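What follows is a short report on a single structure.
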2 protein chains.
Amino acid sequence: MKEYKVTILGATGAVGMEMLKVLQERNFPISELRLLASSHSAGRQIDTNYGTITVMEAADDAFEGMDIVLGAAENNISERFVDAIKASGATYIDNSSAFRLDPDVPLVVPEVNPEDAFKNHGVIANPNCSTIITVVAVNAINKLSRINAMYASTYQAVSGAGIKGPQEMYTQTRNILAGEEIECHTFQHQIAFNLIPQIGSFTENGYSKEEMKLQNEGRKIMHLPEMKVSCTCVRVPVERSHSISVDVITDERLDLDTVRKAISEAAGCKLVDDPANEIYPMPLDTSNQDLVYVGRIRRDLVNENGINLWCCGDQVRKGAATNAVQIAELLIEK
Amino acid sequence: MKEYKVTILGATGAVGMEMLKVLQERNFPISELRLLASSHSAGRQIDTNYGTITVMEAADDAFEGMDIVLGAAENNISERFVDAIKASGATYIDNSSAFRLDPDVPLVVPEVNPEDAFKNHGVIANPNCSTIITVVAVNAINKLSRINAMYASTYQAVSGAGIKGPQEMYTQTRNILAGEEIECHTFQHQIAFNLIPQIGSFTENGYSKEEMKLQNEGRKIMHLPEMKVSCTCVRVPVERSHSISVDVITDERLDLDTVRKAISEAAGCKLVDDPANEIYPMPLDTSNQDLVYVGRIRRDLVNENGINLWCCGDQVRKGAATNAVQIAELLIEK
């Protein structure tokens, strides 16, 4: 079996560490693994199935000879190194949002548009976490009848903000239970026992960048250039797994049992829809695994062609690390 | 100044205790206060501005001579005593859902439909908590152009389940932080660091009773018998104040600044809408006060006549106790 030289750029962050975990779990065939991070983390030793690896500082010459670079860094780091990665000949699977809407860069969810991965020119973008979870949930509906619009409200876990997110939530929680003052560093406001209706910065139309991703990235992934999406993104005091309340409006009116059957058979989905027995997706149940759970499927009461559902998925895994590794698997399978 | 004989039925529950607090804060003119509860709580002594009151067991003859009965009990208790209250000649302002959709019973939010209170035949219903908060938030929009539909996703605090809700959330939180097992009694599943997409029981169409209230009660309060509402209700690990992500679709397209101005001037509302400066409604800020905070106002990207907003309000106060006392104030002002 052919083995590959793989680099993780941003290896010591929450997504980078999860990428390493997922590569090992899935026995990704690796002959050489390189872990790159900032100078701050360089020198750290990390035990892996591929040997003990010393974290190296990311630099232009660090990508030479690599086959695949998994990017788990912020946009500015990704933009800083993209030319060096392309020059090295490696394929760059980038989790940042820097290149997602670039027409030369495929934006891929393997369960939805795997064929797009092969149209790459050296860079493949990994979509936004909530977007991945939502498109996996609604892809089967789109196959039954084209989606022309969605209303979505998200309930996003603190780990979406990186390793410091859960740290801040738990520290604040302990402080509050002890009657002490809290501090806010990672989030704009107190997140323990509170909600923050802001994720990322705002754009001119009053939506945050995060809220616009479901429309902009969703259009590209699902090949629905005219799909309209109104989204509200909210941070909630949950450690892991994003949840999304979605209303999906399709060209034709669909039968609910047909929708349930299609979702139950859809790649990457698990139908969890027995509310009478108190069974529905919850973030607690979807953490540390790769399926998107879909439930609460019912008729939209406003639009006769609409379907209302609730989905949850682990945004660090399927929403980021696992999706990137799945893209790499697509490439090596070919 | 005339003073009134007032009873709180269900006085020792979360809403009943808040009703007592709000009556005192607002200096409601009371000549005699009677606090009724189950036999379990009878005999408790409660210090009030109206003297030290001994809680009495609710019974048919306990309402005699009363002017106003504020109901803070469950549906079965409300149904059990409604005839006795009516027979006593008192006006019954009931927070249970038992009579809300009865055509003979006005369903009143004083900022929205105060005139309906005077059409009562002895019983006035206090609406559902999320419904009160949402209709206060959107009432100004409805005055600008009739609302024909809403999409709503709620983020409902644990205190909506009564006194035991916060107790269970905090106990589970402490247990989890200590690495101990948790127990679930009040909620169907773990609520600490989790979300539960179920509030109350489900109806045949797949929506919970709670989810249908925004349409059914909203229609009656706003006199919009054809308004369509698709709602998803979710319990979140927040102690107090419900939040709702709402998309409001009106007959005409409205200007956003006109909407902001109308909401800023609307009774019961506070415009909190400066996202660029990280200012928007949050449950932490709306607890223990009576205004509904409204922000994140922006154009719906799906429907050109739609407006997207985010609102928060204290569901124990404005969503229940304060609204009931405000109804009583309407009656005595007349």
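Ordering of the structure tokens sets the chain letters (A, B, ...), residue numbers begin anew at 1 in every chain, and ligands are numbered from 1 in the order given.
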
Handout entry: Distance-based interface of chain A with chain B, 7 Å, counting only C-alpha atoms, as number ranges by chain
Key = A: 149, 153, 193-196, 202, 205-206, 228-230, 237-239, 245, 276, 282-284, 298, 300-302

Handout entry: Neighbour list for Met1 (chain A) as a ChimeraX atom specification, cut-off 10 Å, only C-alpha atoms, skip fewer than 2 positions in-chain
Key = /A:3-4,29

Exercise for the section: Enumerate the residues of region 112-169 of chain B with a DSSP assignment of strand (DSSP E or B), computed from the backbone, and present them as an MDAnalysis selection string. Expected result: chainID B and resid 123:125 147:156
